[in-house]
$ cat input.tsv   # TSV, C-alpha atoms
chain	number	residue	atom	x	y	z
A	1	MET	CA	-18.83	67.67	50.03
A	2	ILE	CA	-16.78	69.69	47.54
A	3	PRO	CA	-18.71	72.73	46.25
A	4	THR	CA	-18.33	73.87	42.67
A	5	ARG	CA	-17.81	77.43	41.61
A	6	ALA	CA	-21.61	77.93	41.42
A	7	ALA	CA	-22.58	76.15	44.65
A	8	LEU	CA	-25.08	77.72	47.06
A	9	ALA	CA	-26.08	76.73	50.56
A	10	ARG	CA	-29.70	75.54	50.38
A	11	ALA	CA	-30.55	71.81	50.06
A	12	ALA	CA	-33.60	70.49	48.24
A	13	LEU	CA	-35.91	67.61	49.10
A	14	ALA	CA	-35.08	64.11	47.87
A	15	ARG	CA	-37.32	62.53	45.33
A	16	ALA	CA	-37.67	58.95	44.06
A	17	ALA	CA	-37.80	57.70	40.47
A	18	PRO	CA	-39.78	55.24	38.37
A	19	VAL	CA	-38.82	51.67	37.67
A	20	ARG	CA	-37.52	50.71	34.34
A	21	ALA	CA	-39.10	47.64	32.87
A	22	ALA	CA	-36.99	44.74	31.70
A	23	VAL	CA	-33.63	45.15	30.03
A	24	ALA	CA	-34.05	46.19	26.43
A	25	GLY	CA	-33.09	43.76	23.71
A	26	ALA	CA	-29.61	44.05	22.30
A	27	VAL	CA	-29.36	46.35	19.34
A	28	GLY	CA	-26.12	47.53	17.84
A	29	LEU	CA	-23.94	47.77	14.82
A	30	VAL	CA	-20.25	47.15	14.60
A	31	ILE	CA	-18.43	49.63	12.51
A	32	MET	CA	-15.52	47.47	11.46
A	33	LEU	CA	-12.91	49.93	10.36
A	34	THR	CA	-9.48	49.47	8.88
A	35	ALA	CA	-8.24	51.69	11.72
A	36	CYS	CA	-10.07	49.73	14.42
A	37	SER	CA	-6.89	47.96	15.45
A	38	LEU	CA	-5.32	51.39	15.93
A	39	PRO	CA	-8.07	53.30	17.73
A	40	TYR	CA	-5.69	55.85	19.20
A	41	GLY	CA	-3.69	56.72	16.12
A	42	ASP	CA	-3.56	60.00	14.27
A	43	THR	CA	-5.04	58.46	11.12
A	44	ASP	CA	-8.82	58.44	11.02
A	45	ASP	CA	-11.01	55.97	9.20
A	46	PRO	CA	-12.23	57.30	5.85
A	47	VAL	CA	-15.31	55.06	5.94
A	48	THR	CA	-18.58	56.76	6.92
A	49	PRO	CA	-20.91	53.96	8.04
A	50	THR	CA	-24.52	54.56	8.98
A	51	PRO	CA	-25.84	52.92	12.17
A	52	THR	CA	-28.49	50.34	11.36
A	53	PRO	CA	-31.06	49.30	13.97
A	54	GLY	CA	-31.31	45.57	14.43
A	55	ALA	CA	-27.67	44.68	13.86
A	56	SER	CA	-25.63	43.32	16.74
A	57	ALA	CA	-22.05	42.13	16.71
A	58	GLY	CA	-18.80	42.58	18.56
A	59	ALA	CA	-15.50	44.16	17.62
A	60	ALA	CA	-12.54	41.97	16.78
A	61	GLY	CA	-11.70	39.73	19.72
A	62	GLN	CA	-14.92	40.59	21.53
A	63	ALA	CA	-17.82	38.24	22.22
A	64	THR	CA	-20.99	38.94	20.29
A	65	SER	CA	-23.39	37.06	22.55
A	66	THR	CA	-25.63	39.01	24.89
A	67	PRO	CA	-23.90	39.10	28.29
A	68	THR	CA	-25.66	38.06	31.43
A	69	ILE	CA	-25.54	40.91	33.92
A	70	GLU	CA	-26.94	40.18	37.33
A	71	GLY	CA	-27.97	43.06	39.51
A	72	THR	CA	-30.75	44.07	41.80
A	73	ALA	CA	-32.50	47.41	42.02
A	74	PRO	CA	-35.18	48.89	44.26
A	75	VAL	CA	-38.82	49.01	43.24
A	76	GLY	CA	-41.33	51.79	43.78
A	77	ASN	CA	-39.59	54.95	42.53
A	78	GLY	CA	-41.84	57.91	41.81
A	79	PRO	CA	-42.07	60.07	38.68
A	80	ARG	CA	-39.29	62.39	37.55
A	81	ARG	CA	-40.99	65.78	37.76
A	82	PRO	CA	-39.04	69.07	37.68
A	83	THR	CA	-38.37	70.34	41.20
A	84	GLY	CA	-36.27	73.19	42.49
A	85	THR	CA	-34.05	75.54	40.56
A	86	PRO	CA	-32.72	74.23	37.22
A	87	VAL	CA	-29.00	73.46	36.98
A	88	THR	CA	-26.96	73.21	33.76
A	89	ILE	CA	-24.54	70.28	33.52
A	90	ALA	CA	-21.96	69.92	30.74
A	91	PHE	CA	-20.28	66.64	29.74
A	92	GLY	CA	-17.14	66.08	27.70
A	93	GLY	CA	-15.72	62.78	26.48
A	94	ASP	CA	-12.22	61.31	26.60
A	95	ILE	CA	-9.27	63.49	27.54
A	96	HIS	CA	-5.63	62.48	27.39
A	97	PHE	CA	-2.47	64.52	27.03
A	98	ALA	CA	-0.39	62.56	24.52
A	99	GLY	CA	0.88	63.60	21.11
A	100	SER	CA	-0.55	66.92	19.97
A	101	SER	CA	-2.73	67.27	23.07
A	102	GLY	CA	0.36	66.68	25.22
A	103	GLN	CA	2.16	69.42	23.35
A	104	ARG	CA	-0.69	71.76	24.17
A	105	LEU	CA	-0.40	70.88	27.85
A	106	ALA	CA	3.36	71.47	27.84
A	107	ALA	CA	2.93	74.84	26.13
A	108	ASP	CA	0.26	76.16	28.52
A	109	PRO	CA	-2.01	74.17	30.84
A	110	ALA	CA	-4.41	77.12	31.00
A	111	THR	CA	-5.28	76.77	27.32
A	112	ALA	CA	-4.64	73.06	26.78
A	113	VAL	CA	-8.31	72.07	26.52
A	114	GLY	CA	-8.92	74.76	23.91
A	115	PRO	CA	-11.85	76.98	22.96
A	116	MET	CA	-14.60	74.57	24.09
A	117	SER	CA	-13.61	75.63	27.59
A	118	ALA	CA	-16.06	78.51	27.23
A	119	THR	CA	-18.97	76.07	26.85
A	120	LEU	CA	-17.79	74.00	29.82
A	121	SER	CA	-17.24	77.04	32.05
A	122	ALA	CA	-20.67	78.43	31.25
A	123	ALA	CA	-22.35	75.40	32.85
A	124	ASP	CA	-23.04	75.15	36.58
A	125	LEU	CA	-21.23	71.79	36.64
A	126	ALA	CA	-18.90	70.20	34.09
A	127	ILE	CA	-17.69	66.58	34.00
A	128	ALA	CA	-15.34	64.67	31.70
A	129	ASN	CA	-13.27	61.49	31.46
A	130	LEU	CA	-9.54	61.77	32.15
A	131	GLU	CA	-8.11	58.81	30.25
A	132	THR	CA	-4.54	58.72	31.50
A	133	ALA	CA	-2.38	57.97	34.48
A	134	VAL	CA	-1.03	61.16	36.06
A	135	THR	CA	2.52	60.11	36.86
A	136	ASP	CA	6.12	60.16	35.70
A	137	ARG	CA	6.92	56.85	37.40
A	138	GLY	CA	5.85	53.24	37.22
A	139	THR	CA	6.13	50.55	34.56
A	140	ALA	CA	3.95	50.61	31.47
A	141	ALA	CA	1.26	47.94	31.38
A	142	PRO	CA	1.72	45.16	28.78
A	143	LYS	CA	-0.67	46.65	26.21
A	144	GLU	CA	-0.42	48.45	22.89
A	145	PHE	CA	-1.33	51.94	24.06
A	146	THR	CA	-0.39	53.49	27.39
A	147	PHE	CA	-1.01	57.09	28.38
A	148	ARG	CA	0.46	59.22	31.13
A	149	ALA	CA	0.56	62.91	31.86
A	150	PRO	CA	2.23	65.30	34.31
A	151	ALA	CA	0.40	66.71	37.32
A	152	THR	CA	-0.37	69.86	35.31
A	153	ALA	CA	-3.17	67.81	33.70
A	154	PHE	CA	-5.31	68.78	36.70
A	155	ASP	CA	-4.44	72.44	36.18
A	156	ALA	CA	-5.59	72.11	32.58
A	157	VAL	CA	-8.99	70.56	33.30
A	158	ARG	CA	-9.64	73.05	36.10
A	159	ALA	CA	-8.75	75.98	33.83
A	160	ALA	CA	-11.21	74.61	31.28
A	161	GLY	CA	-14.05	74.81	33.79
A	162	ILE	CA	-14.27	71.03	34.36
A	163	ASP	CA	-15.25	70.45	37.99
A	164	VAL	CA	-14.62	66.70	38.33
A	165	VAL	CA	-13.14	63.95	36.17
A	166	ASN	CA	-13.79	60.24	36.02
A	167	MET	CA	-10.58	58.19	36.05
A	168	ALA	CA	-12.20	54.76	35.90
A	169	ASN	CA	-11.23	53.73	32.38
A	170	ASN	CA	-8.94	51.36	30.50
A	171	HIS	CA	-5.98	53.74	30.88
A	172	GLY	CA	-6.37	54.81	34.51
A	173	MET	CA	-3.76	52.27	35.65
A	174	ASP	CA	-1.51	52.22	32.58
A	175	TYR	CA	1.46	52.63	34.92
A	176	GLY	CA	0.34	50.22	37.59
A	177	GLU	CA	-0.30	50.80	41.25
A	178	VAL	CA	2.59	53.27	41.41
A	179	GLY	CA	0.90	55.36	38.73
A	180	LEU	CA	-2.46	55.08	40.49
A	181	ARG	CA	-1.01	56.30	43.78
A	182	ASP	CA	0.75	59.14	41.97
A	183	SER	CA	-2.52	60.09	40.24
A	184	LEU	CA	-4.32	60.26	43.57
A	185	ALA	CA	-1.49	62.21	45.16
A	186	ALA	CA	-1.42	64.71	42.30
A	187	ALA	CA	-5.19	65.20	42.49
A	188	SER	CA	-4.98	65.70	46.24
A	189	ALA	CA	-2.13	68.21	45.91
A	190	ALA	CA	-4.15	70.12	43.31
A	191	HIS	CA	-7.30	69.90	45.48
A	192	TYR	CA	-9.02	68.49	42.42
A	193	PRO	CA	-11.81	65.89	42.75
A	194	VAL	CA	-11.57	62.59	40.88
A	195	ILE	CA	-13.99	59.67	40.86
A	196	GLY	CA	-13.84	56.01	39.90
A	197	ILE	CA	-10.37	55.41	41.34
A	198	GLY	CA	-9.12	54.78	44.85
A	199	LEU	CA	-6.97	52.92	47.34
A	200	ASP	CA	-9.77	50.37	47.80
A	201	ASP	CA	-13.21	49.62	46.40
A	202	THR	CA	-14.96	51.84	48.93
A	203	SER	CA	-13.01	54.91	47.86
A	204	ALA	CA	-13.20	54.01	44.16
A	205	PHE	CA	-17.00	53.92	44.32
A	206	THR	CA	-17.21	57.02	46.52
A	207	PRO	CA	-19.15	59.68	44.60
A	208	TYR	CA	-18.49	63.35	44.08
A	209	ARG	CA	-21.13	65.42	45.86
A	210	THR	CA	-21.94	69.08	45.53
A	211	THR	CA	-24.83	71.48	46.06
A	212	ILE	CA	-25.67	73.96	43.30
A	213	LYS	CA	-28.58	76.40	43.47
A	214	GLY	CA	-29.99	74.35	46.32
A	215	GLN	CA	-29.86	71.11	44.30
A	216	ARG	CA	-27.85	68.23	45.74
A	217	ILE	CA	-25.95	66.60	42.88
A	218	THR	CA	-24.03	63.32	43.05
A	219	VAL	CA	-21.68	61.85	40.41
A	220	ILE	CA	-20.48	58.23	40.45
A	221	GLY	CA	-17.77	57.00	38.08
A	222	ALA	CA	-17.03	53.46	36.88
A	223	THR	CA	-15.65	51.57	33.89
A	224	GLN	CA	-17.24	48.77	31.93
A	225	VAL	CA	-14.11	48.48	29.77
A	226	LEU	CA	-11.01	46.70	31.10
A	227	ASP	CA	-8.48	44.60	29.19
A	228	ASP	CA	-9.15	40.94	29.99
A	229	GLN	CA	-5.58	40.25	31.08
A	230	LEU	CA	-5.52	43.31	33.34
A	231	ALA	CA	-9.04	43.39	34.77
A	232	ALA	CA	-8.28	41.48	37.96
A	233	ALA	CA	-5.21	43.57	38.77
A	234	TRP	CA	-6.93	46.85	37.96
A	235	THR	CA	-10.22	46.28	39.79
A	236	ALA	CA	-10.39	47.90	43.22
A	237	GLY	CA	-11.21	45.61	46.11
A	238	PRO	CA	-11.12	45.53	49.92
A	239	GLY	CA	-7.70	46.91	50.80
A	240	LYS	CA	-6.72	46.79	47.11
A	241	PRO	CA	-6.06	49.94	45.04
A	242	GLY	CA	-7.75	50.09	41.67
A	243	LEU	CA	-10.68	51.27	39.61
A	244	ALA	CA	-14.42	51.12	40.18
A	245	SER	CA	-15.46	48.33	37.83
A	246	ALA	CA	-18.92	48.41	36.29
A	247	LYS	CA	-18.44	44.70	35.70
A	248	GLN	CA	-19.11	44.40	39.44
A	249	VAL	CA	-22.72	45.28	38.78
A	250	ASP	CA	-24.01	44.69	42.29
A	251	LYS	CA	-21.39	47.05	43.75
A	252	LEU	CA	-22.22	49.77	41.24
A	253	VAL	CA	-25.98	49.36	41.69
A	254	ALA	CA	-25.50	49.43	45.48
A	255	ALA	CA	-23.52	52.67	45.20
A	256	VAL	CA	-26.31	54.24	43.13
A	257	ARG	CA	-28.97	53.03	45.53
A	258	ALA	CA	-27.04	54.33	48.55
A	259	ALA	CA	-26.65	57.77	46.99
A	260	ARG	CA	-30.28	58.09	45.96
A	261	ALA	CA	-31.77	58.96	49.34
A	262	SER	CA	-29.61	62.06	49.83
A	263	THR	CA	-29.48	63.31	46.25
A	264	ASP	CA	-31.65	65.47	44.04
A	265	THR	CA	-29.86	64.73	40.75
A	266	LEU	CA	-27.87	61.49	40.47
A	267	ILE	CA	-25.38	61.04	37.62
A	268	VAL	CA	-23.46	57.90	36.63
A	269	PHE	CA	-20.49	58.59	34.35
A	270	LEU	CA	-19.25	55.41	32.68
A	271	HIS	CA	-16.41	54.33	30.47
A	272	TRP	CA	-18.36	52.06	28.14
A	273	GLY	CA	-19.08	51.04	24.58
A	274	VAL	CA	-17.34	49.19	21.75
A	275	GLU	CA	-14.53	50.94	19.89
A	276	GLN	CA	-15.66	52.43	16.57
A	277	GLN	CA	-19.25	51.21	17.02
A	278	GLN	CA	-21.87	53.98	16.87
A	279	CYS	CA	-24.81	52.01	18.25
A	280	PRO	CA	-24.85	50.86	21.89
A	281	GLY	CA	-23.41	47.43	22.59
A	282	ASP	CA	-25.11	44.62	24.45
A	283	ALA	CA	-23.26	45.31	27.70
A	284	GLN	CA	-24.33	48.97	27.67
A	285	ARG	CA	-27.96	48.17	26.98
A	286	ALA	CA	-28.00	45.56	29.75
A	287	LEU	CA	-26.43	47.81	32.40
A	288	GLU	CA	-28.25	51.09	31.80
A	289	PRO	CA	-31.75	50.06	32.98
A	290	LEU	CA	-30.32	48.56	36.16
A	291	LEU	CA	-28.74	51.90	37.00
A	292	THR	CA	-31.82	54.00	36.25
A	293	ALA	CA	-34.02	51.59	38.21
A	294	ALA	CA	-31.60	51.94	41.12
A	295	GLY	CA	-32.05	55.70	41.03
A	296	ALA	CA	-29.73	57.22	38.42
A	297	ASP	CA	-31.26	60.20	36.62
A	298	ILE	CA	-28.45	60.66	34.07
A	299	VAL	CA	-26.25	57.89	32.65
A	300	VAL	CA	-23.56	59.06	30.24
A	301	GLY	CA	-20.07	58.08	29.19
A	302	SER	CA	-17.46	57.54	26.50
A	303	HIS	CA	-14.82	55.12	25.19
A	304	ALA	CA	-15.67	54.20	21.60
A	305	HIS	CA	-13.64	57.08	20.01
A	306	VAL	CA	-16.75	57.90	17.97
A	307	LEU	CA	-20.04	59.52	18.92
A	308	LEU	CA	-23.11	57.51	19.92
A	309	GLY	CA	-26.68	58.69	20.37
A	310	GLY	CA	-28.36	60.17	23.40
A	311	GLY	CA	-31.89	60.86	24.58
A	312	TRP	CA	-34.58	60.10	27.14
A	313	ALA	CA	-35.37	56.57	28.25
A	314	SER	CA	-38.97	55.51	28.78
A	315	ASP	CA	-38.67	56.08	32.54
A	316	GLY	CA	-37.54	59.69	32.05
A	317	ALA	CA	-33.83	59.19	32.71
A	318	TYR	CA	-31.43	60.81	30.26
A	319	VAL	CA	-28.87	58.48	28.65
A	320	ASP	CA	-25.94	59.17	26.32
A	321	TYR	CA	-24.14	56.09	25.07
A	322	GLY	CA	-21.00	57.79	23.77
A	323	LEU	CA	-19.53	61.28	24.03
A	324	GLY	CA	-16.57	60.50	21.77
A	325	ASN	CA	-13.06	61.91	22.00
A	326	PHE	CA	-12.57	65.37	23.47
A	327	VAL	CA	-8.95	66.40	24.09
A	328	PHE	CA	-7.22	63.75	22.03
A	329	TYR	CA	-4.52	63.33	19.41
A	330	ALA	CA	-6.97	62.23	16.70
A	331	SER	CA	-6.62	64.24	13.50
A	332	GLY	CA	-7.38	64.18	9.81
A	333	GLY	CA	-11.07	65.08	9.85
A	334	GLY	CA	-12.43	61.54	10.23
A	335	ARG	CA	-15.10	60.20	12.54
A	336	ASN	CA	-12.67	59.99	15.47
A	337	THR	CA	-12.38	63.78	15.43
A	338	GLU	CA	-16.14	64.37	15.77
A	339	SER	CA	-16.58	65.84	19.21
A	340	GLY	CA	-18.67	68.19	21.29
A	341	VAL	CA	-20.23	68.97	24.65
A	342	LEU	CA	-23.50	67.54	25.90
A	343	ARG	CA	-25.33	70.23	27.87
A	344	LEU	CA	-28.24	69.14	30.05
A	345	THR	CA	-30.62	71.12	32.21
A	346	ALA	CA	-31.76	69.24	35.31
A	347	ALA	CA	-34.37	70.28	37.85
A	348	GLY	CA	-34.12	67.70	40.58
A	349	ARG	CA	-34.70	64.28	39.04
A	350	ALA	CA	-35.97	65.62	35.73
A	351	VAL	CA	-33.75	66.46	32.77
A	352	THR	CA	-35.80	69.15	31.07
A	353	ASP	CA	-33.51	70.07	28.18
A	354	ALA	CA	-30.64	68.52	26.24
A	355	THR	CA	-28.38	70.32	23.75
A	356	TRP	CA	-25.47	68.96	21.74
A	357	VAL	CA	-22.80	71.60	21.08
A	358	PRO	CA	-20.80	70.14	18.15
A	359	ALA	CA	-17.05	70.45	17.74
A	360	ARG	CA	-14.23	69.02	15.67
A	361	ILE	CA	-10.84	68.01	17.08
A	362	SER	CA	-7.94	69.82	15.46
A	363	GLY	CA	-4.42	70.05	16.84
A	364	GLY	CA	-5.33	67.91	19.83
A	365	ALA	CA	-8.28	70.00	21.07
A	366	PRO	CA	-11.99	70.30	20.21
A	367	ARG	CA	-12.99	73.45	18.37
A	368	PRO	CA	-16.62	74.61	18.17
A	369	LEU	CA	-18.35	74.39	14.82
A	370	THR	CA	-20.44	77.22	13.40
A	371	GLY	CA	-22.77	77.83	10.50
A	372	THR	CA	-23.42	75.03	8.04
A	373	ALA	CA	-20.78	72.78	9.62
A	374	ALA	CA	-22.52	73.00	12.99
A	375	THR	CA	-25.94	72.36	11.45
A	376	GLN	CA	-24.68	69.28	9.64
A	377	ALA	CA	-22.88	67.97	12.73
A	378	LEU	CA	-26.00	68.38	14.86
A	379	ALA	CA	-28.10	66.54	12.26
A	380	SER	CA	-25.55	63.70	12.23
A	381	TRP	CA	-25.66	63.49	16.01
A	382	ASN	CA	-29.45	63.31	16.03
A	383	ALA	CA	-29.30	60.60	13.36
A	384	LEU	CA	-27.45	58.37	15.84
A	385	ARG	CA	-30.46	58.20	18.17
A	386	PRO	CA	-32.77	55.68	16.39
A	387	CYS	CA	-30.63	52.64	17.18
A	388	THR	CA	-30.48	53.56	20.87
A	389	GLY	CA	-34.21	53.18	21.58
A	390	LEU	CA	-34.10	56.61	23.24
A	391	SER	CA	-36.41	59.56	22.62
A	392	ALA	CA	-35.61	63.09	21.50
A	393	SER	CA	-37.89	64.52	24.21
A	394	PRO	CA	-38.90	63.61	27.76
A	395	PRO	CA	-41.72	61.02	28.11
$ encode --input "input.tsv" --output "C-alpha cells"
Amino acid sequence: MIPTRAALARAALARAAPVRAAVAGAVGLVIMLTACSLPYGDTDDPVTPTPTPGASAGAAGQATSTPTIEGTAPVGNGPRRPTGTPVTIAFGGDIHFAGSSGQRLAADPATAVGPMSATLSAADLAIANLETAVTDRGTAAPKEFTFRAPATAFDAVRAAGIDVVNMANNHGMDYGEVGLRDSLAAASAAHYPVIGIGLDDTSAFTPYRTTIKGQRITVIGATQVLDDQLAAAWTAGPGKPGLASAKQVDKLVAAVRAARASTDTLIVFLHWGVEQQQCPGDAQRALEPLLTAAGADIVVGSHAHVLLGGGWASDGAYVDYGLGNFVFYASGGGRNTESGVLRLTAAGRAVTDATWVPARISGGAPRPLTGTAATQALASWNALRPCTGLSASPP
C-alpha cells in the first residue's frame, strides 16, 4: 500500500453496496464537428452544440449499434450510507506534455500543470489520466497522433499534488512495448504510482491502495478506448505487457469485485467516451452499471476532449462520464479548452458532496475561472447532466 500525503494509520470497516438494476438504455448525441478528425489539434471547433436526450449515434468510423457487453456482478450489496471520516478526492482529465504543455514541462516541471495545482493539492487524494508514453525510445505506433514525454512528467504531476495517474488509454503504448517498459521504469525510479498498465494483465489490473483518515481507498484504472488495429497488441495478457482493457469486461468486473471486500471507497478511473460527444455513448452506459453492481462507488474518466455530465446514479454511486482535457495543447477558447477539477467528498461508500471547479485551458494548462465566467461555466456543466440519466443529488 502506498500512502498519500494525508494518509493516517487507522482502517475502517468494509461495507457492501446496492445492486444496480438492468443496464440503462442507450442515450447519446454525437457532436459531429469539423475538427473531429483532428481532435488533438490547436484549433477548436467554433460550433456550440447542445446535448439532446434521446439521440444516439457514433462518431465517424464508429459503430452506432448498442454493443453487447457481457459481465457478471455480485448480488446483495447493502446501502451506501456515510461511514467514517469524510475524505476529499479530486479528479482531473487528460494530461499530455506535447506542444505548449510540453514547453511548460521543459521550462519547469514544478509549475507545468499550472494554477489548478492548488485545487488538486488541497484534496486528500488527487487522480488524473496521463495520456502519453514516458520514453525517449521506441517506434511510433502507426496512427495519426502519438504522444511521448520525458521522465520529468512524473515530477510535474507530483508537484501538482496528483497522487496517482491512470495510464490505460489510447496513447499509453504510442511507442510500443519499449515505451511501455520505459514508462514503468520511469515511474518506479520516481517512486510514483501508476495504474492501468503493466508487464502482464495481473499487474495492469492491480489497483492503487491507500488509507486516508482511516478510510481504505482503492483506485482501478482501465481503458475502453483502443484503436482497432492496435487493440490486440496493446491489451495486457498473461505474460504479455500492455494496458488494462475495459473491453475485457469480466476481468475488470472481477478486479472490482476482488477489491470490494477490503475497501471502504472503491474508484474506477476509465478512459472512455466518444470524441467530441457530450452525452455518454452506448459503451459507457452499458459498462457503468456492471461496475457499480460489482462494488464501485465512484466511476469517472475522460477521453472525449470535451466535458460530459456527472451525478449520482440510482444506486447511490457517483458517475462522471467525461472530465475533458486538463493539461493539453488545446487553445483558442473552444469547447476543447473547457476544463476543471471534479471534487468529491466520500465517507466510506457514500459520496456526500460533488463540486465542479471550472477552468479554461490557456497556454497548455488549465486556469481557474472566477466571477461571471465561473458562474457561466458551472451552469454549462450542470446542463450536461440531463442526457446522462444521473441526479444532481444523492438518492
$ residues_around --input "input.tsv" --residues "Pro358 in chain A" --least-positions-apart "3" --cutoff "12 Å" --atoms "all atoms listed in the file" --output "mmCIF file with C-alpha atoms, in the frame of the given file"
data_model
loop_
_atom_site.group_PDB
_atom_site.id
_atom_site.type_symbol
_atom_site.label_atom_id
_atom_site.label_comp_id
_atom_site.auth_asym_id
_atom_site.auth_seq_id
_atom_site.Cartn_x
_atom_site.Cartn_y
_atom_site.Cartn_z
ATOM 1 C CA GLY A 92 -17.140 66.080 27.700
ATOM 2 C CA MET A 116 -14.600 74.570 24.090
ATOM 3 C CA THR A 119 -18.970 76.070 26.850
ATOM 4 C CA LEU A 307 -20.040 59.520 18.920
ATOM 5 C CA LEU A 323 -19.530 61.280 24.030
ATOM 6 C CA GLY A 324 -16.570 60.500 21.770
ATOM 7 C CA ASN A 325 -13.060 61.910 22.000
ATOM 8 C CA PHE A 326 -12.570 65.370 23.470
ATOM 9 C CA THR A 337 -12.380 63.780 15.430
ATOM 10 C CA GLU A 338 -16.140 64.370 15.770
ATOM 11 C CA SER A 339 -16.580 65.840 19.210
ATOM 12 C CA GLY A 340 -18.670 68.190 21.290
ATOM 13 C CA VAL A 341 -20.230 68.970 24.650
ATOM 14 C CA LEU A 342 -23.500 67.540 25.900
ATOM 15 C CA ARG A 343 -25.330 70.230 27.870
ATOM 16 C CA THR A 355 -28.380 70.320 23.750
ATOM 17 C CA ILE A 361 -10.840 68.010 17.080
ATOM 18 C CA PRO A 366 -11.990 70.300 20.210
ATOM 19 C CA ARG A 367 -12.990 73.450 18.370
ATOM 20 C CA PRO A 368 -16.620 74.610 18.170
ATOM 21 C CA LEU A 369 -18.350 74.390 14.820
ATOM 22 C CA THR A 370 -20.440 77.220 13.400
ATOM 23 C CA GLY A 371 -22.770 77.830 10.500
ATOM 24 C CA THR A 372 -23.420 75.030 8.040
ATOM 25 C CA ALA A 373 -20.780 72.780 9.620
ATOM 26 C CA ALA A 374 -22.520 73.000 12.990
ATOM 27 C CA THR A 375 -25.940 72.360 11.450
ATOM 28 C CA GLN A 376 -24.680 69.280 9.640
ATOM 29 C CA ALA A 377 -22.880 67.970 12.730
ATOM 30 C CA LEU A 378 -26.000 68.380 14.860
ATOM 31 C CA ALA A 379 -28.100 66.540 12.260
ATOM 32 C CA SER A 380 -25.550 63.700 12.230
ATOM 33 C CA TRP A 381 -25.660 63.490 16.010
ATOM 34 C CA ASN A 382 -29.450 63.310 16.030
#
$ closest_residue --input "input.tsv" --among "A:Asp228, A:Ala359, A:Gly316, A:Ala261" --to "Gly333 in chain A" --atoms "only C-alpha atoms"
A:Ala359
$ residues_around --input "input.tsv" --residues "Ala133 in chain A" --least-positions-apart "6" --cutoff "8 Å" --atoms "only C-alpha atoms" --output "list of chain:residue names"
A:Phe147, A:Arg148, A:Ala149, A:His171, A:Gly172, A:Met173, A:Asp174, A:Tyr175, A:Gly179, A:Leu180, A:Ser183
$ closest_residue --input "input.tsv" --among "A:Asp108, A:Asp200, A:Asp155, A:Asp124" --to "Glu177 in chain A" --atoms "all atoms listed in the file"
A:Asp200
$ atom_distance --input "input.tsv" --atom1 "CA of Lys143 in chain A" --atom2 "CA of Phe97 in chain A"
18.0 Å
$ closest_residue --input "input.tsv" --among "A:Gln278, A:Asn166, A:Thr210, A:Asn129" --to "Leu308 in chain A" --atoms "only C-alpha atoms"
A:Gln278
$ closest_atom_pairs --input "input.tsv" --of "range 317-338 of chain A" --to "range 296-300 of chain A" --cutoff "10 Å" --atoms "only C-alpha atoms" --output "CSV"
residue,atom,partner,partner_atom,distance
A:Ala317,CA,A:Asp297,CA,4.8
A:Tyr318,CA,A:Ile298,CA,4.8
A:Val319,CA,A:Val299,CA,4.8
A:Asp320,CA,A:Val300,CA,4.6
A:Tyr321,CA,A:Val300,CA,6.0
A:Gly322,CA,A:Val300,CA,7.1
A:Leu323,CA,A:Val300,CA,7.7
$ write_last_selection --input "input.tsv" --atoms "C-alpha atoms" --output "JSON list (two decimals), in the coordinates of the input"
[["chain", "number", "residue", "atom", "x", "y", "z"],
["A", 317, "ALA", "CA", -33.83, 59.19, 32.71],
["A", 318, "TYR", "CA", -31.43, 60.81, 30.26],
["A", 319, "VAL", "CA", -28.87, 58.48, 28.65],
["A", 320, "ASP", "CA", -25.94, 59.17, 26.32],
["A", 321, "TYR", "CA", -24.14, 56.09, 25.07],
["A", 322, "GLY", "CA", -21.00, 57.79, 23.77],
["A", 323, "LEU", "CA", -19.53, 61.28, 24.03]]
$ closest_residue --input "input.tsv" --among "A:Asp94, A:Glu144, A:Glu288, A:Asp353" --to "Glu131 in chain A" --atoms "all atoms listed in the file"
A:Asp94
$ atom_distance --input "input.tsv" --atom1 "CA of Tyr208 in chain A" --atom2 "CA of His305 in chain A"
25.3 Å
$ closest_residue --input "input.tsv" --among "A:Asp201, A:Met167, A:Ser101, A:Gly348" --to "Phe269 in chain A" --atoms "all atoms listed in the file"
A:Met167
$ closest_residue --input "input.tsv" --among "A:Thr223, A:Ser262, A:Thr132, A:Gln276" --to "Ser245 in chain A" --atoms "only C-alpha atoms"
A:Thr223
$ build_atoms --input "input.tsv" --residues "range 133-141 of chain A" --atoms "N, CA and C atoms" --output "PDB file, in the coordinates of the input"
ATOM      1  N   ALA A 133      -2.986  57.936  33.158  1.00  0.00           N
ATOM      2  CA  ALA A 133      -2.380  57.970  34.480  1.00  0.00           C
ATOM      3  C   ALA A 133      -1.659  59.309  34.631  1.00  0.00           C
ATOM      4  N   VAL A 134      -1.716  59.885  35.807  1.00  0.00           N
ATOM      5  CA  VAL A 134      -1.030  61.160  36.060  1.00  0.00           C
ATOM      6  C   VAL A 134       0.205  60.828  36.893  1.00  0.00           C
ATOM      7  N   THR A 135       1.307  60.601  36.199  1.00  0.00           N
ATOM      8  CA  THR A 135       2.520  60.110  36.860  1.00  0.00           C
ATOM      9  C   THR A 135       3.712  60.236  35.928  1.00  0.00           C
ATOM     10  N   ASP A 136       4.899  60.284  36.497  1.00  0.00           N
ATOM     11  CA  ASP A 136       6.120  60.160  35.700  1.00  0.00           C
ATOM     12  C   ASP A 136       6.921  58.946  36.160  1.00  0.00           C
ATOM     13  N   ARG A 137       6.249  58.053  36.891  1.00  0.00           N
ATOM     14  CA  ARG A 137       6.920  56.850  37.400  1.00  0.00           C
ATOM     15  C   ARG A 137       6.156  55.614  36.950  1.00  0.00           C
ATOM     16  N   GLY A 138       6.543  54.484  37.492  1.00  0.00           N
ATOM     17  CA  GLY A 138       5.850  53.240  37.220  1.00  0.00           C
ATOM     18  C   GLY A 138       6.321  52.561  35.949  1.00  0.00           C
ATOM     19  N   THR A 139       5.809  51.355  35.738  1.00  0.00           N
ATOM     20  CA  THR A 139       6.130  50.550  34.560  1.00  0.00           C
ATOM     21  C   THR A 139       4.892  50.440  33.679  1.00  0.00           C
ATOM     22  N   ALA A 140       5.077  50.656  32.403  1.00  0.00           N
ATOM     23  CA  ALA A 140       3.950  50.610  31.470  1.00  0.00           C
ATOM     24  C   ALA A 140       3.316  49.233  31.468  1.00  0.00           C
ATOM     25  N   ALA A 141       1.990  49.198  31.440  1.00  0.00           N
ATOM     26  CA  ALA A 141       1.260  47.940  31.380  1.00  0.00           C
ATOM     27  C   ALA A 141       1.547  47.242  30.054  1.00  0.00           C
TER      28      ALA A 141
END
